[in-house]
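**Student:** One structure, pasted below without further comment.
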Amino acid sequence: MAYKRNPMRSERICSLSRYVMVDVLNPAVTAGTQWFERTLDDSANKRLSVPEGFLAIDGILDLCMNVTDGLKVYPKVIEKRLMSELPFMATENIMMDAVKAGGDRQELHEKIRTLSMEAGRRVKEDGLDNNLLDLIAEDPAFHMSREELDKTMDPAKYIGCAPHQVEKYLETVIRPLLDENKELLGEEAEINV
């Protein structure tokens, strides 16, 4: 499709990845039929599956480098998508706040489930914006205004330890790998087909 970026190369990555995943089964199938008795079907199989797997992975990595070269991230698109789904993710916190304000948990759970289904149907079937927060604000059982509900829409409230975990992973795993292989950084993969 004309609006997509790098679709053929991304599809090729997917295709080669499936090949490698299936190639992993090759030794298991061989073991299941001859129990690694070092017969010719074992060695002939290895002479094909091992190098073909490495060649496929090499191709996958070249394609990944080519696809991600010059990658652009669009924060506004990410934010818009996140904010359209966030009301659904926040329903547990909204329900707990309403219970703290004196609401009945069982009743609120059923109401929030019903309102979520209604909002979801509106989004999926009619292609309209997510109006879950408006529906909750209009329901007297929640005793919450739209302004109070908007305060629950901070994405940082729903990510837990993720920022710390990502930073730690980047620092302890990725940074050492990049430092160790800095002479390879900046390489470009040329894709001819």
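As shown in the structure tokens, the chain order sets the letters A, B, ...; within each chain, residues go from 1, and ligands are also counted from 1 in the order they appear.
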Taking only C-alpha atoms into account, produce a table as CSV in which each residue of region 51-116 of chain A with an atom at most 10 Å from an atom of region 137-160 of chain A appears once, together with its shortest atom pair and the distance in Å to one decimal, ordered by chain and rising number.
**Tutor:**
residue,atom,partner,partner_atom,distance
A:Glu79,CA,A:Pro155,CA,9.5
A:Leu82,CA,A:Pro155,CA,8.1
A:Met83,CA,A:Met153,CA,7.7
A:Leu86,CA,A:Met153,CA,6.7
A:Pro87,CA,A:Met153,CA,7.0
A:Met89,CA,A:Tyr158,CA,7.9
A:Ala90,CA,A:Thr152,CA,7.1
A:Thr91,CA,A:Thr152,CA,9.4
A:Asn93,CA,A:Thr152,CA,7.7
A:Ile94,CA,A:Thr152,CA,7.3
A:Met95,CA,A:Phe142,CA,7.8
A:Asp97,CA,A:Phe142,CA,8.6
A:Ala98,CA,A:Phe142,CA,5.3
A:Val99,CA,A:Phe142,CA,8.1
A:Ala101,CA,A:His143,CA,7.4
A:Gly102,CA,A:His143,CA,8.8
A:Gly103,CA,A:Ala141,CA,6.8
A:Asp104,CA,A:Ala141,CA,8.6
A:Glu107,CA,A:Ala141,CA,8.4
A:Leu108,CA,A:Ala141,CA,7.1
A:Lys111,CA,A:Ala141,CA,8.4
A:Ile112,CA,A:Phe142,CA,9.2
A:Leu115,CA,A:Asp139,CA,9.4
**Student:** Restricted to N, CA and C atoms, what would the selected residues look like written as an mmCIF file, in the first residue's frame?
**Tutor:**
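part.cif, written as the output of this step:
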data_model
loop_
_atom_site.group_PDB
_atom_site.id
_atom_site.type_symbol
_atom_site.label_atom_id
_atom_site.label_comp_id
_atom_site.auth_asym_id
_atom_site.auth_seq_id
_atom_site.Cartn_x
_atom_site.Cartn_y
_atom_site.Cartn_z
ATOM 1 N N GLU A 79 0.980 9.691 21.354
ATOM 2 C CA GLU A 79 0.190 10.281 22.433
ATOM 3 C C GLU A 79 -1.307 10.187 22.138
ATOM 4 N N LEU A 82 -2.392 6.571 22.621
ATOM 5 C CA LEU A 82 -2.360 6.248 24.043
ATOM 6 C C LEU A 82 -3.550 6.864 24.771
ATOM 7 N N MET A 83 -3.800 8.129 24.505
ATOM 8 C CA MET A 83 -4.885 8.813 25.210
ATOM 9 C C MET A 83 -6.264 8.278 24.806
ATOM 10 N N LEU A 86 -6.363 5.032 27.004
ATOM 11 C CA LEU A 86 -6.104 5.188 28.438
ATOM 12 C C LEU A 86 -7.361 5.104 29.312
ATOM 13 N N PRO A 87 -8.494 5.653 28.900
ATOM 14 C CA PRO A 87 -9.677 5.514 29.762
ATOM 15 C C PRO A 87 -10.016 4.055 30.086
ATOM 16 N N MET A 89 -7.837 1.588 30.279
ATOM 17 C CA MET A 89 -6.806 1.099 31.202
ATOM 18 C C MET A 89 -6.988 1.668 32.599
ATOM 19 N N ALA A 90 -7.609 2.830 32.711
ATOM 20 C CA ALA A 90 -7.753 3.510 33.999
ATOM 21 C C ALA A 90 -8.991 3.075 34.768
ATOM 22 N N THR A 91 -9.798 2.202 34.208
ATOM 23 C CA THR A 91 -11.080 1.869 34.849
ATOM 24 C C THR A 91 -10.903 1.306 36.254
ATOM 25 N N ASN A 93 -8.536 2.045 38.463
ATOM 26 C CA ASN A 93 -8.251 3.170 39.356
ATOM 27 C C ASN A 93 -9.489 4.039 39.574
ATOM 28 N N ILE A 94 -10.248 4.256 38.535
ATOM 29 C CA ILE A 94 -11.480 5.052 38.648
ATOM 30 C C ILE A 94 -12.443 4.367 39.606
ATOM 31 N N MET A 95 -12.584 3.053 39.443
ATOM 32 C CA MET A 95 -13.494 2.312 40.314
ATOM 33 C C MET A 95 -13.019 2.382 41.773
ATOM 34 N N ASP A 97 -11.258 4.759 43.188
ATOM 35 C CA ASP A 97 -11.519 6.112 43.687
ATOM 36 C C ASP A 97 -12.991 6.275 44.046
ATOM 37 N N ALA A 98 -13.864 5.714 43.220
ATOM 38 C CA ALA A 98 -15.308 5.819 43.483
ATOM 39 C C ALA A 98 -15.691 5.024 44.729
ATOM 40 N N VAL A 99 -15.041 3.893 44.957
ATOM 41 C CA VAL A 99 -15.302 3.100 46.163
ATOM 42 C C VAL A 99 -14.836 3.879 47.397
ATOM 43 N N ALA A 101 -14.875 6.935 47.730
ATOM 44 C CA ALA A 101 -15.840 8.019 47.934
ATOM 45 C C ALA A 101 -17.178 7.487 48.446
ATOM 46 N N GLY A 102 -17.239 6.171 48.737
ATOM 47 C CA GLY A 102 -18.448 5.615 49.337
ATOM 48 C C GLY A 102 -19.266 4.722 48.437
ATOM 49 N N GLY A 103 -18.834 4.477 47.226
ATOM 50 C CA GLY A 103 -19.599 3.625 46.302
ATOM 51 C C GLY A 103 -19.470 2.148 46.625
ATOM 52 N N ASP A 104 -20.427 1.364 46.134
ATOM 53 C CA ASP A 104 -20.424 -0.085 46.318
ATOM 54 C C ASP A 104 -19.580 -0.723 45.211
ATOM 55 N N GLU A 107 -21.421 -2.978 42.569
ATOM 56 C CA GLU A 107 -22.288 -2.168 41.702
ATOM 57 C C GLU A 107 -21.430 -1.348 40.726
ATOM 58 N N LEU A 108 -20.367 -0.725 41.232
ATOM 59 C CA LEU A 108 -19.504 0.093 40.384
ATOM 60 C C LEU A 108 -18.778 -0.752 39.337
ATOM 61 N N LYS A 111 -21.239 -1.420 36.607
ATOM 62 C CA LYS A 111 -21.510 -0.188 35.857
ATOM 63 C C LYS A 111 -20.326 0.163 34.947
ATOM 64 N N ILE A 112 -19.124 0.070 35.474
ATOM 65 C CA ILE A 112 -17.954 0.446 34.672
ATOM 66 C C ILE A 112 -17.746 -0.549 33.538
ATOM 67 N N LEU A 115 -20.445 0.454 30.932
ATOM 68 C CA LEU A 115 -20.070 1.710 30.267
ATOM 69 C C LEU A 115 -18.860 1.512 29.352
#
**Student:** Closest to Ile57 (chain A) among A:Ser84, A:Asn192, A:Ser17, A:Thr33, using only C-alpha atoms?
**Tutor:**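 Looking at the shortest contact to Ile57 (chain A), the residue is A:Ser17.
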**Student:** Any idea what's packed within 12 Å of Ser15 (chain A), counting only C-alpha atoms, ignoring anything in its chain fewer than 5 positions away? Could you give it as number ranges by chain?
**Tutor:** A: 8-10, 20-22, 56-57, 59-60, 63
**Student:** Write out, as a PDB file, in the first residue's frame, the residues just selected, with C-alpha atoms.
**Tutor:**
ATOM      1  CA  MET A   8       8.023  -5.437   1.457  1.00  0.00           C
ATOM      2  CA  ARG A   9      11.207  -5.500   3.525  1.00  0.00           C
ATOM      3  CA  SER A  10       9.249  -5.815   6.775  1.00  0.00           C
ATOM      4  CA  VAL A  20      14.231 -19.750  11.115  1.00  0.00           C
ATOM      5  CA  MET A  21      11.617 -20.620  13.762  1.00  0.00           C
ATOM      6  CA  VAL A  22      10.607 -23.717  11.813  1.00  0.00           C
ATOM      7  CA  ALA A  56      18.542 -16.451   7.012  1.00  0.00           C
ATOM      8  CA  ILE A  57      19.370 -14.680  10.298  1.00  0.00           C
ATOM      9  CA  GLY A  59      19.489 -11.600   5.962  1.00  0.00           C
ATOM     10  CA  ILE A  60      16.999 -10.717   8.709  1.00  0.00           C
ATOM     11  CA  LEU A  63      16.828  -6.109   6.500  1.00  0.00           C
TER      12      LEU A  63
END
**Student:** Determine, counting only C-alpha atoms, which protein, DNA and RNA residues have an atom within 10 Å of an atom of Leu61 (chain A); residues of the same chain fewer than 6 positions away are not included. Present the result as a short mmCIF file (atom, residue, chain, number, x, y, z; two decimals) with N, CA and C atoms, in the first residue's frame.
**Tutor:**
data_model
loop_
_atom_site.label_atom_id
_atom_site.label_comp_id
_atom_site.auth_asym_id
_atom_site.auth_seq_id
_atom_site.Cartn_x
_atom_site.Cartn_y
_atom_site.Cartn_z
N ILE A 13 11.26 -9.75 6.43
CA ILE A 13 11.78 -10.06 7.77
C ILE A 13 10.87 -11.09 8.44
N LEU A 55 22.37 -18.09 7.50
CA LEU A 55 22.20 -17.20 6.35
C LEU A 55 20.89 -16.42 6.44
N VAL A 67 15.59 -1.28 7.32
CA VAL A 67 14.26 -0.75 7.63
C VAL A 67 14.35 0.33 8.71
N ALA A 189 23.24 -1.54 5.68
CA ALA A 189 22.94 -2.76 4.95
C ALA A 189 22.37 -2.39 3.60
#
**Student:** Rounded to one decimal, what separation in Å do you get between CA of Leu16 (chain A) and CA of Pro51 (chain A)?
**Tutor:**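 So the two atoms, CA of Leu16 (chain A) and CA of Pro51 (chain A), lie 13.8 Å apart.
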**Student:** Using CA of Leu132 (chain A) and CA of Glu118 (chain A) as the two end points, give the distance in Å to one decimal.
**Tutor:**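 If I compute the distance from CA of Leu132 (chain A) to CA of Glu118 (chain A), I get 8.0 Å.
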**Student:** What is the CA of Glu92 (chain A)-CA of Arg105 (chain A) distance in Å, reported with one decimal?
**Tutor:**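 CA of Arg105 (chain A) lies 10.6 Å from CA of Glu92 (chain A).
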**Student:** Set the distance at 12 Å and use only C-alpha atoms: which residues neighbour Met117 (chain A) once local chain neighbours fewer than 3 positions away are removed? I'd like the list as a count of residues only.
**Tutor:** 17
**Student:** So that I can check the secondary structure, give me every residue of chain A assigned helix (DSSP H, G or I) by backbone DSSP, as a ChimeraX atom specification.
**Tutor:** /A:7-23,25-34,40-68,75-89,91-100,105-126,132-138,140-142,146-151,155-158,162-180,182-184
**Student:** Find the residues near region 35-49 of chain A: any atom within 8 Å, counting only C-alpha atoms, skip ones fewer than 6 places away on the same chain, and give them as a PyMOL selection string.
**Tutor:** chain A and resi 23+26-27
**Student:** Based on the selection just made, write N, CA, C and O atoms of those residues as a CSV table (one decimal), in the first residue's frame.
**Tutor:**
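Below is the file again_20.csv, written as the result:
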chain,number,residue,atom,x,y,z
A,23,ASP,N,13.0,-23.9,11.2
A,23,ASP,CA,14.2,-24.6,11.1
A,23,ASP,C,14.7,-25.1,12.4
A,23,ASP,O,15.4,-26.1,12.5
A,26,ASN,N,14.1,-28.7,13.0
A,26,ASN,CA,14.8,-29.7,12.2
A,26,ASN,C,15.5,-30.8,13.1
A,26,ASN,O,15.3,-32.0,12.9
A,27,PRO,N,16.4,-30.3,14.0
A,27,PRO,CA,17.1,-31.3,14.8
A,27,PRO,C,16.1,-32.2,15.7
A,27,PRO,O,16.4,-33.4,15.9
